[in-house]
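Okay, work_29.cif is below, mmCIF, C-alpha atoms:
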```
data_query
loop_
_atom_site.label_atom_id
_atom_site.label_comp_id
_atom_site.auth_asym_id
_atom_site.auth_seq_id
_atom_site.Cartn_x
_atom_site.Cartn_y
_atom_site.Cartn_z
CA MET A 12 82.79 60.52 164.65
CA THR A 13 81.30 60.83 168.10
CA ASP A 14 78.25 62.80 166.97
CA ALA A 15 77.47 60.76 163.85
CA PRO A 16 74.07 59.05 163.92
CA GLY A 17 72.95 56.26 161.62
CA PRO A 18 71.70 56.99 158.07
CA LEU A 19 69.34 59.94 158.04
CA GLU A 20 68.13 59.72 154.44
CA PRO A 21 68.19 56.97 151.81
CA GLN A 22 69.34 59.33 149.03
CA GLY A 23 71.12 62.66 148.56
CA ARG A 24 70.13 65.53 146.34
CA THR A 25 71.20 63.78 143.12
CA GLY A 26 69.66 60.46 143.98
CA GLN A 27 73.00 58.99 145.12
CA PRO A 28 72.89 56.94 148.34
CA ILE A 29 74.05 58.93 151.35
CA LEU A 30 77.06 57.53 153.21
CA ASP A 31 75.89 55.71 156.31
CA ARG A 32 77.92 55.77 159.48
CA LEU A 33 79.88 52.58 158.82
CA ALA A 34 80.77 53.59 155.24
CA PHE A 35 81.79 57.05 156.44
CA GLU A 36 84.06 55.63 159.14
CA ARG A 37 85.74 53.37 156.57
CA LEU A 38 86.27 56.37 154.31
CA THR A 39 87.78 58.56 157.00
CA THR A 40 90.00 55.77 158.30
CA ALA A 41 91.37 55.14 154.79
CA HIS A 42 92.30 58.80 154.21
CA ARG A 43 93.05 60.16 157.69
CA ARG A 44 96.83 60.04 157.49
CA GLU A 45 97.21 61.57 154.03
CA LEU A 46 94.75 64.36 154.92
CA LYS A 47 96.65 65.04 158.12
CA LEU A 48 99.91 65.33 156.16
CA HIS A 49 98.22 67.70 153.69
CA CYS A 50 96.96 69.88 156.54
CA TYR A 51 100.42 69.81 158.11
CA ARG A 52 102.02 71.03 154.89
CA MET A 53 99.45 73.80 154.65
CA MET A 54 99.75 74.89 158.28
CA GLY A 55 103.29 73.93 159.32
CA SER A 56 101.87 72.63 162.60
CA LEU A 57 101.33 69.06 163.73
CA HIS A 58 98.80 70.16 166.34
CA GLU A 59 96.80 72.33 163.96
CA ALA A 60 96.79 69.48 161.44
CA ASP A 61 95.18 67.18 164.01
CA ASP A 62 92.45 69.73 164.72
CA LEU A 63 91.79 70.43 161.04
CA VAL A 64 91.44 66.76 160.13
CA GLN A 65 88.80 66.44 162.83
CA GLU A 66 87.08 69.55 161.50
CA THR A 67 87.24 68.14 157.96
CA PHE A 68 85.53 64.91 158.98
CA LEU A 69 82.89 66.73 160.99
CA ARG A 70 82.08 69.03 158.06
CA ALA A 71 82.08 66.07 155.67
CA TRP A 72 79.64 64.12 157.85
CA ARG A 73 77.29 67.04 158.22
CA GLY A 74 77.45 67.81 154.48
CA ARG A 75 77.52 64.26 153.14
CA SER A 76 74.17 64.71 151.39
CA GLN A 77 75.86 67.38 149.22
CA PHE A 78 78.35 64.87 147.82
CA ASP A 79 76.91 64.01 144.42
CA GLY A 80 79.06 60.96 143.74
CA ARG A 81 80.45 62.31 140.45
CA GLY A 82 83.90 62.94 141.90
CA SER A 83 86.00 60.71 144.12
CA PRO A 84 85.37 60.66 147.89
CA ARG A 85 89.11 61.35 148.32
CA GLY A 86 88.92 64.50 146.21
CA TRP A 87 85.83 65.60 148.13
CA LEU A 88 87.68 65.25 151.44
CA TYR A 89 90.71 67.14 150.09
CA THR A 90 88.42 69.97 149.02
CA ILE A 91 86.99 70.28 152.53
CA ALA A 92 90.42 69.96 154.17
CA THR A 93 92.08 72.56 151.94
CA ASN A 94 89.32 75.10 152.46
CA SER A 95 89.38 74.45 156.21
CA CYS A 96 93.12 75.17 156.21
CA LEU A 97 92.70 78.37 154.21
CA ASN A 98 90.03 79.58 156.62
CA ALA A 99 92.21 78.72 159.62
CA ILE A 100 95.20 80.58 158.15
CA LYS A 101 93.01 83.62 157.51
CA ALA A 102 91.88 83.59 161.14
CA ARG A 103 95.32 83.41 162.76
CA SER A 104 97.82 86.21 163.28
CA SER A 105 100.56 84.77 161.02
CA ALA A 106 100.04 83.19 157.62
CA HIS A 107 103.09 80.98 157.96
CA ARG A 108 105.39 79.24 160.41
CA ILE A 109 109.16 79.61 160.29
CA LEU A 110 112.40 77.78 160.96
CA GLU A 111 114.35 80.98 160.55
CA GLN A 112 113.34 84.61 160.95
CA PRO A 113 113.29 86.06 157.41
CA GLY A 114 116.26 88.29 156.70
CA ARG A 115 118.11 87.39 159.91
CA PRO A 116 121.81 86.66 159.23
CA PRO A 117 123.59 83.75 160.93
CA THR A 118 124.82 84.41 164.45
CA GLU A 119 128.48 84.55 165.41
CA GLY A 120 129.47 83.47 168.93
CA HIS A 121 127.02 83.62 171.83
CA ALA A 122 123.32 83.23 171.14
CA ALA A 123 121.90 86.68 171.76
CA GLY A 124 118.48 86.59 170.13
CA GLY A 125 116.83 84.54 172.84
CA PRO A 126 113.73 82.37 172.56
CA ALA A 127 110.92 84.04 170.62
CA THR A 128 107.78 82.34 171.87
CA GLU A 129 105.57 84.95 170.24
CA LEU A 130 106.57 83.72 166.78
CA SER A 131 104.94 80.73 165.08
CA TRP A 132 107.55 78.01 164.62
CA LEU A 133 107.42 75.18 162.12
CA GLU A 134 106.94 71.85 163.89
CA PRO A 135 108.44 68.49 162.84
CA TYR A 136 106.23 65.63 161.66
CA PRO A 137 106.61 62.08 163.08
CA ASP A 138 107.30 59.45 160.44
CA ALA A 139 104.94 57.17 162.35
CA GLU A 140 102.11 59.42 161.14
CA LEU A 141 103.13 59.38 157.47
CA PRO A 142 100.62 57.63 155.18
CA ASP A 143 101.45 54.42 153.33
CA LEU A 144 100.40 56.27 150.16
CA VAL A 145 98.89 53.14 148.59
CA ASP A 146 95.83 55.13 147.52
CA GLY A 147 97.56 58.46 147.71
CA GLU A 148 100.46 58.18 145.28
CA PRO A 149 101.06 61.50 143.50
CA GLY A 150 99.35 61.92 140.15
CA PRO A 151 101.21 62.14 136.83
CA ASP A 152 101.50 65.93 137.01
CA ALA A 153 103.39 65.93 140.33
CA ARG A 154 106.78 67.67 140.26
CA TYR A 155 108.07 66.45 143.64
CA GLU A 156 108.65 62.94 144.85
CA THR A 157 106.92 61.97 148.06
CA ARG A 158 110.23 61.80 149.95
CA GLU A 159 111.12 65.33 148.86
CA ALA A 160 107.74 66.81 149.76
CA VAL A 161 107.90 65.78 153.43
CA GLN A 162 111.37 67.15 154.19
CA LEU A 163 111.50 69.77 156.92
CA ALA A 164 113.28 72.27 154.66
CA PHE A 165 110.66 71.85 151.93
CA VAL A 166 107.78 72.44 154.34
CA ALA A 167 109.63 75.49 155.69
CA ALA A 168 110.07 76.85 152.16
CA ILE A 169 106.43 76.50 151.15
CA GLN A 170 105.38 78.24 154.37
CA LEU A 171 106.73 81.45 152.84
CA LEU A 172 104.17 81.27 150.02
CA PRO A 173 100.86 83.12 150.27
CA PRO A 174 98.17 80.62 151.37
CA ARG A 175 96.44 80.32 147.98
CA GLN A 176 99.74 79.79 146.17
CA ARG A 177 100.72 77.26 148.80
CA ALA A 178 97.48 75.34 148.26
CA ALA A 179 97.86 75.42 144.47
CA LEU A 180 101.44 74.17 144.63
CA LEU A 181 100.59 71.35 147.03
CA LEU A 182 97.60 70.20 145.00
CA CYS A 183 99.34 70.38 141.61
CA ASP A 184 103.07 69.83 142.20
CA VAL A 185 102.87 67.50 145.23
CA LEU A 186 99.59 65.62 144.76
CA GLY A 187 99.59 65.81 140.97
CA TRP A 188 96.15 67.38 140.47
CA SER A 189 95.54 69.15 137.18
CA ALA A 190 95.16 72.93 137.06
CA LEU A 191 91.51 72.41 136.10
CA GLU A 192 90.83 70.19 139.13
CA THR A 193 92.60 72.69 141.38
CA ALA A 194 90.58 75.59 139.96
CA HIS A 195 87.37 73.72 140.79
CA LEU A 196 88.59 73.30 144.37
CA LEU A 197 90.01 76.76 145.02
CA GLY A 198 87.69 78.72 142.77
CA GLY A 199 88.77 80.89 139.87
CA THR A 200 90.01 79.94 136.45
CA THR A 201 92.62 77.55 135.16
CA ALA A 202 94.65 80.57 134.08
CA SER A 203 94.62 81.95 137.65
CA ILE A 204 95.87 78.61 139.00
CA ASN A 205 98.65 78.47 136.42
CA SER A 206 99.62 82.03 137.36
CA ALA A 207 99.70 81.10 141.07
CA LEU A 208 101.86 78.09 140.23
CA GLN A 209 104.32 80.20 138.28
CA ARG A 210 104.72 82.61 141.18
CA SER A 211 105.05 79.87 143.78
CA ARG A 212 107.62 77.98 141.70
CA ALA A 213 109.65 81.17 141.24
CA THR A 214 109.68 81.68 145.02
CA LEU A 215 110.81 78.10 145.64
CA ALA A 216 113.54 78.47 143.01
CA MET A 217 115.19 81.10 145.24
CA HIS A 218 115.49 78.44 147.98
CA TYR A 219 116.50 75.64 145.61
CA PRO A 220 118.92 76.96 142.95
CA GLN A 221 119.13 73.45 141.51
CA GLY A 222 115.37 73.38 141.10
CA ARG A 223 114.38 71.00 143.89
CA PRO A 224 115.21 69.96 147.48
CA LEU A 225 118.32 68.01 148.36
CA GLN A 226 117.83 64.48 147.04
CA ARG A 227 117.42 62.13 149.98
CA GLU A 228 119.05 58.77 149.53
CA ARG A 229 117.30 55.79 151.00
CA PRO A 230 118.87 54.77 154.34
CA ASN A 231 122.11 52.89 153.73
CA ARG A 232 125.10 51.58 155.65
CA GLU A 233 126.94 54.91 155.42
CA GLU A 234 124.01 56.77 156.94
CA SER A 235 123.61 54.13 159.65
CA LEU A 236 127.25 54.59 160.67
CA LEU A 237 126.79 58.37 160.75
CA LEU A 238 123.78 58.05 163.06
CA GLU A 239 125.59 55.58 165.32
CA ARG A 240 128.45 58.06 165.67
CA TYR A 241 125.94 60.81 166.43
CA ILE A 242 124.47 58.79 169.31
CA GLN A 243 127.93 57.91 170.61
CA ALA A 244 129.09 61.54 170.53
CA TRP A 245 126.13 62.79 172.53
CA GLN A 246 126.08 59.97 175.06
CA ALA A 247 129.84 60.30 175.61
CA ALA A 248 129.48 64.11 175.81
CA ASN A 249 132.12 64.23 173.07
CA LEU A 250 131.87 67.69 171.53
CA ASP A 251 134.77 67.11 169.13
CA GLY A 252 133.15 63.89 167.92
CA PHE A 253 129.86 65.67 167.33
CA ILE A 254 131.45 68.54 165.37
CA GLU A 255 133.39 66.11 163.17
CA LEU A 256 130.08 64.79 161.83
CA LEU A 257 129.11 68.18 160.37
CA ARG A 258 129.85 69.36 156.87
CA GLU A 259 132.02 72.45 156.64
CA ASP A 260 129.00 74.45 155.42
CA ALA A 261 126.43 72.85 157.74
CA THR A 262 123.58 74.91 159.16
CA TYR A 263 122.15 74.71 162.66
CA HIS A 264 118.73 76.04 163.74
CA MET A 265 117.31 75.82 167.25
CA PRO A 266 113.63 76.86 167.47
CA PRO A 267 112.35 78.81 169.35
CA TRP A 268 115.66 80.71 169.52
CA LEU A 269 116.10 83.36 166.84
CA ASP A 270 119.80 82.59 166.48
CA TRP A 271 121.00 80.20 163.82
CA TYR A 272 124.52 79.22 162.75
CA GLN A 273 126.27 78.43 159.50
CA GLY A 274 129.56 76.59 159.16
CA ARG A 275 131.25 74.00 161.33
CA GLU A 276 133.40 76.45 163.28
CA ALA A 277 130.50 78.79 164.07
CA ILE A 278 128.45 75.83 165.31
CA ARG A 279 131.37 74.65 167.43
CA ALA A 280 131.78 78.10 168.98
CA PHE A 281 128.13 78.10 170.02
CA PHE A 282 128.13 74.58 171.45
CA GLU A 283 131.27 75.30 173.48
CA THR A 284 129.17 77.80 175.45
CA VAL A 285 126.33 75.35 176.27
CA TRP A 286 127.72 71.81 176.09
CA GLY A 287 128.54 71.67 179.80
CA ASN A 288 125.13 72.82 181.02
CA PHE A 289 124.14 69.21 181.67
CA ALA A 290 125.88 66.31 183.39
CA GLY A 291 125.09 63.87 180.57
CA TYR A 292 122.86 63.02 177.63
CA HIS A 293 120.89 60.02 176.44
CA ALA A 294 119.80 59.72 172.78
CA VAL A 295 116.76 57.84 171.49
CA ALA A 296 116.46 57.29 167.73
CA THR A 297 113.26 58.26 165.94
CA ARG A 298 112.35 59.78 162.54
CA ALA A 299 110.72 63.04 161.47
CA ASN A 300 109.76 64.38 158.04
CA GLY A 301 111.29 61.35 156.35
CA GLN A 302 114.64 62.15 157.98
CA PRO A 303 116.66 60.67 160.87
CA ALA A 304 115.85 62.27 164.21
CA PHE A 305 116.84 61.87 167.85
CA ALA A 306 115.17 62.67 171.11
CA ILE A 307 117.79 63.85 173.59
CA TYR A 308 117.26 63.39 177.31
CA ALA A 309 119.55 65.29 179.65
CA ARG A 310 120.48 64.96 183.31
CA ARG A 311 121.25 68.13 185.20
CA HIS A 312 124.12 68.25 187.66
CA GLN A 313 123.15 66.84 191.07
CA GLU A 314 119.83 65.49 189.69
CA PRO A 315 119.14 61.78 189.03
CA GLU A 316 116.38 62.03 186.39
CA TRP A 317 116.89 62.19 182.65
CA GLN A 318 114.42 64.80 181.39
CA ALA A 319 113.22 65.45 177.84
CA GLN A 320 115.61 68.14 176.58
CA SER A 321 115.55 68.53 172.79
CA LEU A 322 114.40 66.95 169.53
CA HIS A 323 116.98 66.78 166.72
CA VAL A 324 116.07 66.50 163.02
CA ILE A 325 119.04 65.65 160.79
CA GLU A 326 119.65 66.12 157.07
CA PRO A 327 122.46 63.73 156.08
CA ALA A 328 124.44 64.24 152.88
CA ASP A 329 127.43 62.24 151.65
CA GLY A 330 128.17 60.68 155.01
CA GLN A 331 127.99 63.95 156.97
CA ILE A 332 125.32 66.25 158.39
CA ALA A 333 124.30 69.05 156.04
CA SER A 334 121.64 70.54 158.29
CA LEU A 335 120.64 70.11 161.90
CA THR A 336 117.44 71.48 163.44
CA VAL A 337 117.17 71.14 167.21
CA TYR A 338 113.93 71.99 168.97
CA VAL A 339 114.93 73.12 172.46
CA GLY A 340 113.35 74.24 175.71
CA PRO A 341 109.62 73.82 176.36
CA LEU A 342 108.95 73.69 172.61
CA GLY A 343 111.23 70.70 172.21
CA ALA A 344 109.92 68.94 175.31
CA GLU A 345 106.30 69.38 174.18
CA LEU A 346 107.04 67.50 170.96
CA PHE A 347 108.10 64.32 172.77
CA ALA A 348 104.49 63.22 173.36
CA ALA A 349 103.67 63.65 169.66
CA PHE A 350 106.55 61.26 168.89
CA GLY A 351 105.32 58.70 171.43
CA LEU A 352 108.17 59.43 173.85
CA PRO A 353 107.96 59.81 177.64
CA PRO A 354 108.90 63.09 179.38
CA VAL A 355 111.39 61.23 181.59
CA TRP A 356 113.68 58.42 180.42
CA PRO A 357 113.64 55.73 183.11
CA ALA A 358 117.00 54.00 182.75
CA PRO A 359 119.43 55.03 179.99
CA ASN A 360 121.85 52.41 178.77
CA LYS A 361 125.39 52.81 179.87
#
```

What is this file in C-alpha cells?
Amino acid sequence: MTDAPGPLEPQGRTGQPILDRLAFERLTTAHRRELKLHCYRMMGSLHEADDLVQETFLRAWRGRSQFDGRGSPRGWLYTIATNSCLNAIKARSSAHRILEQPGRPPTEGHAAGGPATELSWLEPYPDAELPDLVDGEPGPDARYETREAVQLAFVAAIQLLPPRQRAALLLCDVLGWSALETAHLLGGTTASINSALQRSRATLAMHYPQGRPLQRERPNREESLLLERYIQAWQAANLDGFIELLREDATYHMPPWLDWYQGREAIRAFFETVWGNFAGYHAVATRANGQPAFAIYARRHQEPEWQAQSLHVIEPADGQIASLTVYVGPLGAELFAAFGLPPVWPAPNK
C-alpha cells in the first residue's frame, strides 16, 4: 500500500495487536488473487476487479484497528471486498454484464445488430491470474467445484442474478460459507440468506437443466489435438477446417456485437461473409476462465504488420467445440494487454 505508514497504535479496540505494515503486506499478498477472482465473479469485469481489490486493501488498512481478531483475516477481507462490490454495482448504470442480450434470438445470415458499445459486456479472466487456492479451497458446503465456478458461461449466468443473490450464491455455493456466516457478512437473517439461495439456484437451474455447468475434463491428448487443429485452421485460413471442429449444436458469441449464432451451418454462413477480410491470421495459445483460449493476430491486405484482432475463448466437449466466444474489435484488442500479449505480433511462424 503506497499510503500505509508504520504501526500507529500497539493495540486495537479489543486489545488485539494492530497489523503493522509488514504483516499487512503479507496478508494482502497471500489473498490478492482469490479476492480479485471473487470481485471478478461479482462484477463480471477484470478491470473493475483490479480496482476493487485495491479499494478493499485501502479500506482494510484504514480500518485495521476495527478487526477484533475473533474471525479469520481472510474472512475479514472477503467481507470488505463483497461490500465494496455491492456498493460499486449500486453506483453503476447496469447491475450485470452480459455475453448475450437477454431475449435476443440467434441470428441467421449477416450480422445486423452491430457492435453495442453502450452495453456492459462480460470480460474473460486470464488463467495466469487464477489463485493457487492452497488457502482458498472451497468449504464443505460448496456446491460447485473450483473448475466449474470459473467458466465463462457460469460467470455469465450468475451475472443475471440480483447483486445480493449473486453475493449469497458465491459465498455459500462457491466458497462454501455457511448461511450463518453469510448473514453476518451481508446483514439480515439466516432465513433471508437461505431464501436468496433458493431463488438464485432456481434461476441458475434454467441455464443448467442438468443442475450444473458442463463438466470440464482436465486437459488431455484429445483436447490437445483439437487445439492444434484450431491453430492450423486459422493460420492456414482454412474455413472448412475450422467449421469441422464445431459441434452440430455449437454456439458462437462475439462481444460487443449483439448477434450470436447457434448451429454449425449458421456459424459457417456468418464466417463466409467475414473470413476474407484479412490476408492472414496468426494464433497464440493462452487460457481464460480455466478454458483454452487463443489470441488471434491478423494482417490486413497490403499491410505488413500483424495486429491484435480478437480473443477466442473455447469450450471443448467430446473432442469438438461446444461453445466459442470471440471478443472482437477494440474490445478484443484491449484485452490483449491483460493477457500479457503485445498489440503487434513481431514475426509469426510460417

Enumerate, as a VMD selection string, the residues matched when the PyMOL selection byres ((chain A and resi 191-205) around 10) is run on the file above. chain A and resid 86 to 87 89 to 91 93 to 94 97 175 to 176 178 to 183 187 to 190 206 to 211

Point-to-point distance in Å for atom CA of Trp132 of chain A and atom CA of Tyr241 of chain A: 25.2 Å

Can you tell me, as a PyMOL selection string, what residues are no more than 9 Å from segment 265-281 of chain A when counting all atoms listed in the file, ignoring any on the same chain fewer than 5 positions away? chain A and resi 109-112+115-128+130-133+250-251+254-255+257-260+286+335-340+342-343

Restricting the output to C-alpha atoms, write the selected residues as a PDB file, keeping the file's coordinate frame.
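File written: selection-v3.pdb
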```pdb
ATOM      1  CA  ILE A 109     109.160  79.610 160.290  1.00  0.00           C
ATOM      2  CA  LEU A 110     112.400  77.780 160.960  1.00  0.00           C
ATOM      3  CA  GLU A 111     114.350  80.980 160.550  1.00  0.00           C
ATOM      4  CA  GLN A 112     113.340  84.610 160.950  1.00  0.00           C
ATOM      5  CA  ARG A 115     118.110  87.390 159.910  1.00  0.00           C
ATOM      6  CA  PRO A 116     121.810  86.660 159.230  1.00  0.00           C
ATOM      7  CA  PRO A 117     123.590  83.750 160.930  1.00  0.00           C
ATOM      8  CA  THR A 118     124.820  84.410 164.450  1.00  0.00           C
ATOM      9  CA  GLU A 119     128.480  84.550 165.410  1.00  0.00           C
ATOM     10  CA  GLY A 120     129.470  83.470 168.930  1.00  0.00           C
ATOM     11  CA  HIS A 121     127.020  83.620 171.830  1.00  0.00           C
ATOM     12  CA  ALA A 122     123.320  83.230 171.140  1.00  0.00           C
ATOM     13  CA  ALA A 123     121.900  86.680 171.760  1.00  0.00           C
ATOM     14  CA  GLY A 124     118.480  86.590 170.130  1.00  0.00           C
ATOM     15  CA  GLY A 125     116.830  84.540 172.840  1.00  0.00           C
ATOM     16  CA  PRO A 126     113.730  82.370 172.560  1.00  0.00           C
ATOM     17  CA  ALA A 127     110.920  84.040 170.620  1.00  0.00           C
ATOM     18  CA  THR A 128     107.780  82.340 171.870  1.00  0.00           C
ATOM     19  CA  LEU A 130     106.570  83.720 166.780  1.00  0.00           C
ATOM     20  CA  SER A 131     104.940  80.730 165.080  1.00  0.00           C
ATOM     21  CA  TRP A 132     107.550  78.010 164.620  1.00  0.00           C
ATOM     22  CA  LEU A 133     107.420  75.180 162.120  1.00  0.00           C
ATOM     23  CA  LEU A 250     131.870  67.690 171.530  1.00  0.00           C
ATOM     24  CA  ASP A 251     134.770  67.110 169.130  1.00  0.00           C
ATOM     25  CA  ILE A 254     131.450  68.540 165.370  1.00  0.00           C
ATOM     26  CA  GLU A 255     133.390  66.110 163.170  1.00  0.00           C
ATOM     27  CA  LEU A 257     129.110  68.180 160.370  1.00  0.00           C
ATOM     28  CA  ARG A 258     129.850  69.360 156.870  1.00  0.00           C
ATOM     29  CA  GLU A 259     132.020  72.450 156.640  1.00  0.00           C
ATOM     30  CA  ASP A 260     129.000  74.450 155.420  1.00  0.00           C
ATOM     31  CA  TRP A 286     127.720  71.810 176.090  1.00  0.00           C
ATOM     32  CA  LEU A 335     120.640  70.110 161.900  1.00  0.00           C
ATOM     33  CA  THR A 336     117.440  71.480 163.440  1.00  0.00           C
ATOM     34  CA  VAL A 337     117.170  71.140 167.210  1.00  0.00           C
ATOM     35  CA  TYR A 338     113.930  71.990 168.970  1.00  0.00           C
ATOM     36  CA  VAL A 339     114.930  73.120 172.460  1.00  0.00           C
ATOM     37  CA  GLY A 340     113.350  74.240 175.710  1.00  0.00           C
ATOM     38  CA  LEU A 342     108.950  73.690 172.610  1.00  0.00           C
ATOM     39  CA  GLY A 343     111.230  70.700 172.210  1.00  0.00           C
TER      40      GLY A 343
END
```

Enclose all atoms of segment 254-267 of chain A listed in the file in an axis-aligned box, grow every side by 4 Å, and hand back centre and edge lengths in Å to one decimal, as JSON.
```
{"center_x": 122.9, "center_y": 71.8, "center_z": 162.4, "size_x": 29.0, "size_y": 22.0, "size_z": 21.9}
```

Could you tell me how far atom CA of Leu163 of chain A lies from atom CA of Thr284 of chain A, in Å and to one decimal? 26.8 Å

As a VMD selection string, please: the residues near segment 135-142 of chain A (cut-off 6 Å, only C-alpha atoms, same-chain neighbours under 4 positions excluded). chain A and resid 44 to 45 298 to 300 350

Using all atoms listed in the file, which protein or nucleic acid residues come within 12 Å of Glu239 of chain A? Drop anything in the same chain fewer than 2 positions from it, and give the result as number ranges by chain. A: 232-237, 241-246, 252-253, 256, 294-296, 303-305, 330

Hey, what's within 8 Å of Ala306 of chain A if we count all atoms listed in the file and toss same-chain stuff fewer than 3 positions away? As a VMD selection string, please? chain A and resid 294 to 297 319 to 323 347

If we count only C-alpha atoms, what is near segment 48-51 of chain A at a cut-off of 7 Å, once residues fewer than 2 positions away on the same chain are taken out, given as a list in words?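 Close residues of segment 48-51 of chain A: Arg44, Glu45, Leu46, Met53, Met54, Gly55, Ser56, Leu57, Ala60, Leu63, Ala92, Cys96 and Leu141 of chain A.
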
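Atom CA of Thr262 of chain A to atom CA of Ala164 of chain A spans 11.5 Å [interatomic distance, one decimal].
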
Give the answer as one residue: which of A:Gly351, A:Asp184, A:Arg177, A:Gln313 has the shortest atom-to-atom distance to Glu159 of chain A, using only C-alpha atoms? A:Asp184

Select, counting all atoms listed in the file, all protein, DNA and RNA residues no farther than 8 Å from (114.7, 63.7, 185.3) in file coordinates, and express the selection as a PyMOL selection string. chain A and resi 309-311+314-319+355-356

Which one is closest to Pro173 of chain A: A:Ser105, A:His218, A:Pro113, A:Pro151? Count all atoms listed in the file.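 The shortest atom-to-atom distance to Pro173 of chain A comes from A:Ser105.
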